[in-house]
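upload24.txt follows (compact mmCIF, C-alpha atoms and all ligand atoms):
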```txt
# COMPACT_ATOMS: atom_id res chain seq x y z
CA MET A 1 33.38 92.53 -13.93
CA ILE A 2 31.86 89.36 -12.48
CA ILE A 3 28.82 89.65 -10.23
CA ALA A 4 27.93 86.50 -8.30
CA VAL A 5 24.40 86.20 -6.94
CA ASP A 6 23.58 83.31 -4.61
CA GLY A 7 20.71 82.53 -2.32
CA PRO A 8 18.01 80.03 -1.42
CA THR A 9 15.00 79.11 -3.51
CA ALA A 10 12.33 81.78 -4.02
CA SER A 11 14.52 84.53 -2.57
CA GLY A 12 13.96 86.68 -5.67
CA LYS A 13 17.63 86.43 -6.63
CA GLY A 14 16.83 85.52 -10.25
CA THR A 15 14.69 88.59 -10.85
CA ILE A 16 17.29 90.80 -9.18
CA ALA A 17 20.22 89.22 -11.05
CA ARG A 18 18.49 89.65 -14.41
CA ALA A 19 17.74 93.32 -13.69
CA ILE A 20 21.31 93.94 -12.51
CA ALA A 21 22.70 92.37 -15.70
CA ALA A 22 20.41 94.58 -17.83
CA HIS A 23 21.47 97.65 -15.83
CA PHE A 24 25.18 97.02 -16.44
CA GLY A 25 24.62 95.68 -19.98
CA VAL A 26 26.35 92.35 -19.33
CA PRO A 27 25.19 88.79 -20.09
CA TYR A 28 23.31 86.84 -17.44
CA LEU A 29 23.31 83.11 -16.67
CA ASP A 30 20.67 81.43 -14.53
CA THR A 31 22.76 78.42 -13.48
CA GLY A 32 19.75 76.75 -11.86
CA LEU A 33 18.48 76.10 -15.38
CA LEU A 34 21.51 73.89 -16.08
CA TYR A 35 20.64 71.67 -13.08
CA ARG A 36 16.96 71.78 -13.97
CA ALA A 37 17.76 70.57 -17.51
CA VAL A 38 19.77 67.66 -16.10
CA GLY A 39 16.96 66.76 -13.69
CA ARG A 40 14.40 66.87 -16.47
CA GLN A 41 16.60 64.78 -18.77
CA VAL A 42 17.00 62.08 -16.08
CA ALA A 43 13.21 61.91 -15.78
CA LEU A 44 12.80 61.69 -19.56
CA ASP A 45 15.36 58.87 -19.63
CA GLY A 46 13.46 57.01 -16.91
CA GLY A 47 16.52 57.25 -14.66
CA ASP A 48 16.86 57.81 -10.93
CA PRO A 49 17.87 61.38 -9.98
CA ASP A 50 19.46 60.07 -6.79
CA ASN A 51 21.77 57.79 -8.77
CA PRO A 52 24.98 59.67 -9.74
CA LEU A 53 25.54 57.59 -12.89
CA ASP A 54 22.03 58.24 -14.21
CA ALA A 55 22.42 61.94 -13.46
CA LEU A 56 25.84 62.13 -15.08
CA ALA A 57 24.60 60.33 -18.21
CA ALA A 58 21.90 63.00 -18.56
CA CYS A 59 24.40 65.89 -18.48
CA GLY A 60 25.45 65.36 -22.10
CA PHE A 61 21.90 65.62 -23.41
CA ALA A 62 20.48 68.33 -21.19
CA ASP A 63 21.52 71.26 -23.41
CA ALA A 64 18.69 70.68 -25.87
CA LEU A 65 16.17 71.30 -23.06
CA MET A 66 17.42 74.70 -21.94
CA ASP A 67 14.54 76.66 -23.53
CA ASP A 68 11.78 74.30 -22.44
CA PRO A 69 9.25 76.17 -20.21
CA VAL A 70 8.68 72.97 -18.19
CA LEU A 71 12.12 73.55 -16.60
CA ARG A 72 10.53 76.33 -14.50
CA SER A 73 8.05 73.98 -12.80
CA GLU A 74 8.22 73.07 -9.11
CA GLU A 75 8.55 69.42 -10.02
CA VAL A 76 11.65 69.98 -12.15
CA GLY A 77 13.06 72.26 -9.42
CA GLY A 78 12.85 69.32 -7.03
CA LEU A 79 14.60 67.03 -9.53
CA ALA A 80 17.31 69.66 -10.04
CA SER A 81 17.93 69.80 -6.33
CA ARG A 82 18.38 66.01 -6.24
CA VAL A 83 20.78 65.73 -9.21
CA SER A 84 22.78 68.73 -8.01
CA VAL A 85 23.87 66.79 -4.91
CA HIS A 86 26.20 64.60 -7.03
CA PRO A 87 29.79 65.91 -7.34
CA GLU A 88 29.96 64.25 -10.81
CA VAL A 89 27.15 66.47 -12.05
CA ARG A 90 28.60 69.63 -10.51
CA LYS A 91 31.95 68.85 -12.13
CA ALA A 92 30.35 68.25 -15.54
CA LEU A 93 28.64 71.66 -15.40
CA PHE A 94 31.60 73.60 -13.98
CA GLU A 95 33.51 74.57 -17.16
CA ARG A 96 30.49 75.98 -18.89
CA GLN A 97 29.69 78.26 -15.95
CA ARG A 98 33.32 79.26 -15.52
CA ALA A 99 33.63 80.13 -19.24
CA PHE A 100 30.49 82.25 -18.97
CA ALA A 101 31.92 84.11 -15.98
CA GLU A 102 35.19 84.79 -17.81
CA GLN A 103 33.65 86.59 -20.80
CA PRO A 104 35.70 89.70 -21.58
CA GLY A 105 32.84 92.14 -20.97
CA GLY A 106 31.90 90.59 -17.62
CA ALA A 107 28.85 88.63 -16.53
CA VAL A 108 26.20 88.14 -13.88
CA LEU A 109 25.57 84.57 -12.71
CA ASP A 110 23.03 83.41 -10.18
CA GLY A 111 22.87 80.11 -8.36
CA ARG A 112 23.93 78.50 -5.11
CA ASP A 113 27.73 78.25 -5.36
CA ILE A 114 28.72 81.11 -7.65
CA GLY A 115 30.57 83.13 -5.02
CA THR A 116 32.05 80.07 -3.33
CA VAL A 117 32.99 77.69 -6.19
CA ILE A 118 32.32 78.99 -9.72
CA ALA A 119 33.63 82.52 -9.31
CA PRO A 120 35.38 82.97 -5.96
CA ASP A 121 37.20 85.81 -7.75
CA ALA A 122 33.97 87.73 -8.47
CA ASP A 123 34.14 91.51 -8.11
CA VAL A 124 30.90 91.58 -6.16
CA LYS A 125 29.27 88.68 -4.32
CA LEU A 126 25.70 88.93 -3.19
CA TYR A 127 23.76 86.55 -1.01
CA ILE A 128 20.06 87.32 -1.35
CA THR A 129 17.75 85.79 1.21
CA ALA A 130 14.35 86.19 2.89
CA SER A 131 12.46 84.35 5.63
CA VAL A 132 10.97 80.95 4.78
CA GLN A 133 7.44 82.32 5.36
CA GLU A 134 8.00 85.27 3.02
CA ARG A 135 9.56 83.10 0.31
CA ALA A 136 6.63 80.69 0.54
CA ARG A 137 4.18 83.62 0.31
CA ARG A 138 5.95 85.00 -2.80
CA ARG A 139 6.00 81.58 -4.47
CA TRP A 140 2.30 81.13 -3.63
CA LEU A 141 1.36 84.52 -5.12
CA GLU A 142 3.45 83.78 -8.20
CA MET A 143 1.58 80.48 -8.73
CA ILE A 144 -1.77 82.23 -8.40
CA GLU A 145 -0.63 84.95 -10.84
CA LYS A 146 0.44 82.27 -13.31
CA GLY A 147 -3.06 80.78 -13.12
CA ILE A 148 -1.84 77.48 -11.67
CA GLY A 149 -4.74 77.59 -9.19
CA SER A 150 -6.82 79.80 -6.90
CA GLU A 151 -5.91 80.87 -3.35
CA ASP A 152 -7.91 77.95 -1.93
CA GLU A 153 -6.47 75.40 -4.34
CA ILE A 154 -2.80 76.11 -3.66
CA PRO A 155 -1.84 75.11 -0.10
CA LEU A 156 0.57 77.64 1.33
CA ALA A 157 1.66 75.20 4.06
CA GLU A 158 2.76 72.66 1.44
CA ILE A 159 4.80 75.27 -0.44
CA GLU A 160 6.46 76.22 2.84
CA ARG A 161 7.30 72.57 3.54
CA ASP A 162 8.82 72.19 0.03
CA ILE A 163 10.96 75.28 0.56
CA VAL A 164 12.23 74.00 3.92
CA ALA A 165 13.08 70.64 2.31
CA ARG A 166 14.86 72.29 -0.64
CA ASP A 167 16.86 74.55 1.71
CA ALA A 168 17.89 71.54 3.78
CA ARG A 169 19.09 69.64 0.69
CA ASP A 170 20.88 72.65 -0.85
CA MET A 171 22.53 73.72 2.40
CA GLY A 172 23.23 70.23 3.73
CA ARG A 173 24.98 68.60 0.77
CA LYS A 174 28.69 67.87 1.03
CA ASP A 175 29.77 69.30 -2.33
CA ALA A 176 29.26 73.04 -2.85
CA PRO A 177 26.53 73.55 -0.24
CA LEU A 178 24.52 76.74 -0.41
CA ARG A 179 26.13 79.31 1.83
CA ALA A 180 27.21 82.92 1.67
CA ALA A 181 30.86 83.39 0.72
CA PRO A 182 32.78 85.00 3.61
CA ASP A 183 33.10 88.21 1.58
CA ALA A 184 29.51 88.25 0.26
CA LEU A 185 27.10 91.11 0.91
CA VAL A 186 24.16 89.43 2.62
CA ILE A 187 20.87 91.14 1.77
CA ASP A 188 17.66 90.08 3.49
CA THR A 189 14.69 91.14 1.35
CA THR A 190 11.96 89.88 3.71
CA SER A 191 10.54 93.35 4.28
CA PHE A 192 11.09 94.68 0.73
CA ASP A 193 8.91 94.48 -2.33
CA ARG A 194 10.53 93.58 -5.64
CA GLU A 195 11.46 97.14 -6.65
CA ALA A 196 12.82 98.06 -3.21
CA ALA A 197 14.89 94.86 -3.12
CA TYR A 198 16.39 95.69 -6.53
CA GLN A 199 17.24 99.25 -5.43
CA VAL A 200 18.94 98.05 -2.23
CA VAL A 201 21.00 95.52 -4.19
CA LEU A 202 21.94 98.02 -6.89
CA GLU A 203 23.12 100.52 -4.26
CA ALA A 204 25.13 97.81 -2.51
CA ILE A 205 26.84 96.87 -5.79
CA CYS A 206 27.65 100.47 -6.68
CA GLU A 207 29.14 101.01 -3.23
CA ALA A 208 31.21 97.82 -3.50
CA LEU A 209 32.63 98.56 -6.97
O1 LIG B 1 17.76 78.34 -8.76
P1 LIG B 1 16.87 77.18 -9.11
O2 LIG B 1 15.67 77.04 -8.20
O3 LIG B 1 16.48 77.17 -10.54
O4 LIG B 1 17.78 75.88 -8.88
C1 LIG B 1 17.22 74.60 -8.86
C2 LIG B 1 18.12 73.70 -8.02
O5 LIG B 1 19.37 73.50 -8.69
C3 LIG B 1 18.49 74.26 -6.65
O6 LIG B 1 17.55 73.92 -5.64
C4 LIG B 1 19.84 73.63 -6.38
O7 LIG B 1 19.69 72.36 -5.78
C5 LIG B 1 20.43 73.44 -7.76
N1 LIG B 1 21.45 74.44 -8.07
C6 LIG B 1 22.73 74.22 -7.61
N2 LIG B 1 23.73 75.08 -7.92
C7 LIG B 1 23.49 76.16 -8.66
C8 LIG B 1 22.18 76.43 -9.13
C9 LIG B 1 21.17 75.54 -8.80
O8 LIG B 1 22.97 73.23 -6.90
N3 LIG B 1 24.50 76.98 -8.98
```

I need this file expressed as structure tokens, please.
Ligand code: C5P
Amino acid sequence: MIIAVDGPTASGKGTIARAIAAHFGVPYLDTGLLYRAVGRQVALDGGDPDNPLDALAACGFADALMDDPVLRSEEVGGLASRVSVHPEVRKALFERQRAFAEQPGGAVLDGRDIGTVIAPDADVKLYITASVQERARRRWLEMIEKGIGSEDEIPLAEIERDIVARDARDMGRKDAPLRAAPDALVIDTTSFDREAAYQVVLEAICEAL
């Protein structure tokens, strides 16, 4: 059983995908981490994330970074979104994701192109989204919870601008743009809290299986 979970940044898809994988007892891959590791490696190498050759060169070394907490930062997220535009990088990371999806016991993968490119044969495809304002608000609260700054120190408007820019890059690129697969279940979690969103998704999966 392959479950593909796609959606824009800060949609809560990662939290939902992890919980779904635990519920069904199958392994989970956060494919964004692969792109984040490449973005981080390019920066460590002093390369240019917008240059496909620099980004491709970093792919071979990125594995060692996978457990580094810095990968979760906003800055590395931005780098990931820039290196992920290059078809060379997407190709270099394809096999690993495909092999994960093909594990005998099944798998849950989340990302941007799981239902469209990595696992078009997935048993269930989910596209989790929420309004830009709500995603910015969630990201803002998360940063405050993490102690990154106080309410006054973290500008909500700037977070919203970053999200709009990331959406534009992820949805506008030529190779594997972010979009719902034609047969995906589109779930808008704008009006749900975390638990309600998980329950809605779980019910949708059980109905689809
Ligand atoms: O999901 P996450 O925010 O960690 O992803 C970081 C960036 O990596 C995304 O904004 C996107 O540009 C890229 N990405 C991708 N394809 C995936 C997963 C992530 O292009 N399957």

task = Determine the nearest neighbour of ligand LIG 1 (chain B) from the options A:Val201, A:Ala130, A:Ala119, A:Leu156, counting all atoms listed in the file.
result =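 Going through A:Val201, A:Ala130, A:Ala119, A:Leu156 one by one, the smallest distance to ligand LIG 1 (chain B) is for A:Ala119.
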
task = Would you please work out which residue, of A:Ala55, A:Leu109, A:Ile114, A:Ala196, is nearest to Gly39 of chain A when using only C-alpha atoms?
result =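 Among the listed residues, the smallest separation from Gly39 of chain A belongs to A:Ala55.
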
ask   = Distance atom CA of Ala101 of chain A-atom CA of Ala4 of chain A, one decimal place?
value = 9.0 Å

request  = Find the residues near ligand LIG 1 (chain B). Use a cut-off of 9 Å, count all atoms listed in the file, and write them as JSON, numbers by chain.
outcome  = {"A": [6, 7, 8, 9, 10, 13, 14, 30, 31, 32, 33, 34, 35, 36, 39, 71, 72, 74, 76, 77, 78, 79, 80, 81, 82, 83, 84, 85, 90, 97, 109, 110, 111, 112, 113, 114, 117, 118, 166, 167, 169, 170, 171, 176, 177, 178]}

query = Can you find the residues with an atom no farther than 9 Å from (26.4, 67.0, -15.8), counting only C-alpha atoms, and report them as a ChimeraX atom specification?
reply = /A:34-35,38,55-62,83-84,88-94

Go ahead and save the residues from that selection, with C-alpha atoms, as a JSON list (two decimals), keeping the file's coordinate frame.
```json
[["chain", "number", "residue", "atom", "x", "y", "z"],
["A", 34, "LEU", "CA", 21.51, 73.89, -16.08],
["A", 35, "TYR", "CA", 20.64, 71.67, -13.08],
["A", 38, "VAL", "CA", 19.77, 67.66, -16.10],
["A", 55, "ALA", "CA", 22.42, 61.94, -13.46],
["A", 56, "LEU", "CA", 25.84, 62.13, -15.08],
["A", 57, "ALA", "CA", 24.60, 60.33, -18.21],
["A", 58, "ALA", "CA", 21.90, 63.00, -18.56],
["A", 59, "CYS", "CA", 24.40, 65.89, -18.48],
["A", 60, "GLY", "CA", 25.45, 65.36, -22.10],
["A", 61, "PHE", "CA", 21.90, 65.62, -23.41],
["A", 62, "ALA", "CA", 20.48, 68.33, -21.19],
["A", 83, "VAL", "CA", 20.78, 65.73, -9.21],
["A", 84, "SER", "CA", 22.78, 68.73, -8.01],
["A", 88, "GLU", "CA", 29.96, 64.25, -10.81],
["A", 89, "VAL", "CA", 27.15, 66.47, -12.05],
["A", 90, "ARG", "CA", 28.60, 69.63, -10.51],
["A", 91, "LYS", "CA", 31.95, 68.85, -12.13],
["A", 92, "ALA", "CA", 30.35, 68.25, -15.54],
["A", 93, "LEU", "CA", 28.64, 71.66, -15.40],
["A", 94, "PHE", "CA", 31.60, 73.60, -13.98]]
```

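Interatomic distance, atom CA of Thr189 of chain A against atom CA of Tyr127 of chain A: 10.4 Å.
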
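The spacing separating atom CA of Leu29 of chain A from atom CA of Phe100 of chain A amounts to 7.6 Å.
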
query = For Gln103 of chain A, which residue out of A:Lys146, A:Ile20, A:Tyr28, A:Arg179 is the nearest one, using only C-alpha atoms?
reply =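 The shortest atom-to-atom distance to Gln103 of chain A comes from A:Tyr28.
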
query = In terms of the shortest atom-to-atom distance over all atoms listed in the file, which of A:Ala165, A:Ile128, A:Leu209, A:Val26 is closest to Phe192 of chain A?
reply = A:Ile128

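For the set A:Pro182, A:Gly172, A:Pro155, A:Pro27, the residue with the smallest atom-to-atom gap to Val124 of chain A is A:Pro182, counting only C-alpha atoms.
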
key: Residue nearest Asp121 of chain A among A:Pro87, A:Ala181, A:Asp175, A:Ser191 (counting all atoms listed in the file)   =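 Selected residue with least distance to Asp121 of chain A: A:Ala181.
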
ask   = So which residues touch Val186 of chain A within 9 Å, counting only C-alpha atoms, skipping near sequence neighbours fewer than 2 positions away, as a ChimeraX atom specification?
value = /A:125-129,180,184,188

Selection to disk with C-alpha atoms, as a tab-separated table (two decimals), in the frame of the given file:
```tsv
chain	number	residue	atom	x	y	z
A	125	LYS	CA	29.27	88.68	-4.32
A	126	LEU	CA	25.70	88.93	-3.19
A	127	TYR	CA	23.76	86.55	-1.01
A	128	ILE	CA	20.06	87.32	-1.35
A	129	THR	CA	17.75	85.79	1.21
A	180	ALA	CA	27.21	82.92	1.67
A	184	ALA	CA	29.51	88.25	0.26
A	188	ASP	CA	17.66	90.08	3.49
```

request  = Excluding Tyr198 of chain A and residues on its chain fewer than 3 positions from it, collect all residues at most 8 Å away from it, counting all atoms listed in the file, and give them as a ChimeraX atom specification.
outcome  = /A:16,19-20,194-195,201-202

Since the input is missing atoms for segment 17-35 of chain A, could you rebuild it with N, CA and C atoms and give the result as a PDB file, in the coordinates of the input?
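result-v7.pdb written:
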```pdb
ATOM      1  N   ALA A  17      19.009  89.438 -10.238  1.00  0.00           N
ATOM      2  CA  ALA A  17      20.220  89.220 -11.050  1.00  0.00           C
ATOM      3  C   ALA A  17      19.986  89.639 -12.505  1.00  0.00           C
ATOM      4  N   ARG A  18      18.813  89.300 -13.017  1.00  0.00           N
ATOM      5  CA  ARG A  18      18.490  89.650 -14.410  1.00  0.00           C
ATOM      6  C   ARG A  18      18.467  91.175 -14.574  1.00  0.00           C
ATOM      7  N   ALA A  19      17.840  91.858 -13.617  1.00  0.00           N
ATOM      8  CA  ALA A  19      17.740  93.320 -13.690  1.00  0.00           C
ATOM      9  C   ALA A  19      19.121  93.980 -13.547  1.00  0.00           C
ATOM     10  N   ILE A  20      19.959  93.407 -12.699  1.00  0.00           N
ATOM     11  CA  ILE A  20      21.310  93.940 -12.510  1.00  0.00           C
ATOM     12  C   ILE A  20      22.117  93.789 -13.816  1.00  0.00           C
ATOM     13  N   ALA A  21      21.972  92.620 -14.448  1.00  0.00           N
ATOM     14  CA  ALA A  21      22.700  92.370 -15.700  1.00  0.00           C
ATOM     15  C   ALA A  21      22.242  93.367 -16.772  1.00  0.00           C
ATOM     16  N   ALA A  22      20.934  93.628 -16.839  1.00  0.00           N
ATOM     17  CA  ALA A  22      20.410  94.580 -17.830  1.00  0.00           C
ATOM     18  C   ALA A  22      20.950  95.976 -17.517  1.00  0.00           C
ATOM     19  N   HIS A  23      20.988  96.325 -16.237  1.00  0.00           N
ATOM     20  CA  HIS A  23      21.470  97.650 -15.830  1.00  0.00           C
ATOM     21  C   HIS A  23      22.913  97.868 -16.281  1.00  0.00           C
ATOM     22  N   PHE A  24      23.762  96.863 -16.087  1.00  0.00           N
ATOM     23  CA  PHE A  24      25.180  97.020 -16.440  1.00  0.00           C
ATOM     24  C   PHE A  24      25.470  96.592 -17.892  1.00  0.00           C
ATOM     25  N   GLY A  25      24.443  96.080 -18.581  1.00  0.00           N
ATOM     26  CA  GLY A  25      24.620  95.680 -19.980  1.00  0.00           C
ATOM     27  C   GLY A  25      25.559  94.501 -20.151  1.00  0.00           C
ATOM     28  N   VAL A  26      25.495  93.541 -19.219  1.00  0.00           N
ATOM     29  CA  VAL A  26      26.350  92.350 -19.330  1.00  0.00           C
ATOM     30  C   VAL A  26      25.468  91.100 -19.394  1.00  0.00           C
ATOM     31  N   PRO A  27      25.989  90.013 -19.983  1.00  0.00           N
ATOM     32  CA  PRO A  27      25.190  88.790 -20.090  1.00  0.00           C
ATOM     33  C   PRO A  27      24.895  88.157 -18.732  1.00  0.00           C
ATOM     34  N   TYR A  28      23.782  87.427 -18.697  1.00  0.00           N
ATOM     35  CA  TYR A  28      23.310  86.840 -17.440  1.00  0.00           C
ATOM     36  C   TYR A  28      23.106  85.339 -17.615  1.00  0.00           C
ATOM     37  N   LEU A  29      23.560  84.558 -16.648  1.00  0.00           N
ATOM     38  CA  LEU A  29      23.310  83.110 -16.670  1.00  0.00           C
ATOM     39  C   LEU A  29      22.593  82.667 -15.413  1.00  0.00           C
ATOM     40  N   ASP A  30      21.431  82.050 -15.625  1.00  0.00           N
ATOM     41  CA  ASP A  30      20.670  81.430 -14.530  1.00  0.00           C
ATOM     42  C   ASP A  30      21.184  79.996 -14.439  1.00  0.00           C
ATOM     43  N   THR A  31      22.119  79.745 -13.507  1.00  0.00           N
ATOM     44  CA  THR A  31      22.760  78.420 -13.480  1.00  0.00           C
ATOM     45  C   THR A  31      21.809  77.334 -12.979  1.00  0.00           C
ATOM     46  N   GLY A  32      20.739  77.728 -12.291  1.00  0.00           N
ATOM     47  CA  GLY A  32      19.750  76.750 -11.860  1.00  0.00           C
ATOM     48  C   GLY A  32      19.143  76.009 -13.047  1.00  0.00           C
ATOM     49  N   LEU A  33      19.053  76.729 -14.183  1.00  0.00           N
ATOM     50  CA  LEU A  33      18.480  76.100 -15.380  1.00  0.00           C
ATOM     51  C   LEU A  33      19.315  74.921 -15.853  1.00  0.00           C
ATOM     52  N   LEU A  34      20.635  74.999 -15.662  1.00  0.00           N
ATOM     53  CA  LEU A  34      21.510  73.890 -16.080  1.00  0.00           C
ATOM     54  C   LEU A  34      21.160  72.637 -15.278  1.00  0.00           C
ATOM     55  N   TYR A  35      20.983  72.815 -13.948  1.00  0.00           N
ATOM     56  CA  TYR A  35      20.640  71.670 -13.080  1.00  0.00           C
ATOM     57  C   TYR A  35      19.215  71.200 -13.352  1.00  0.00           C
TER      58      TYR A  35
END
```
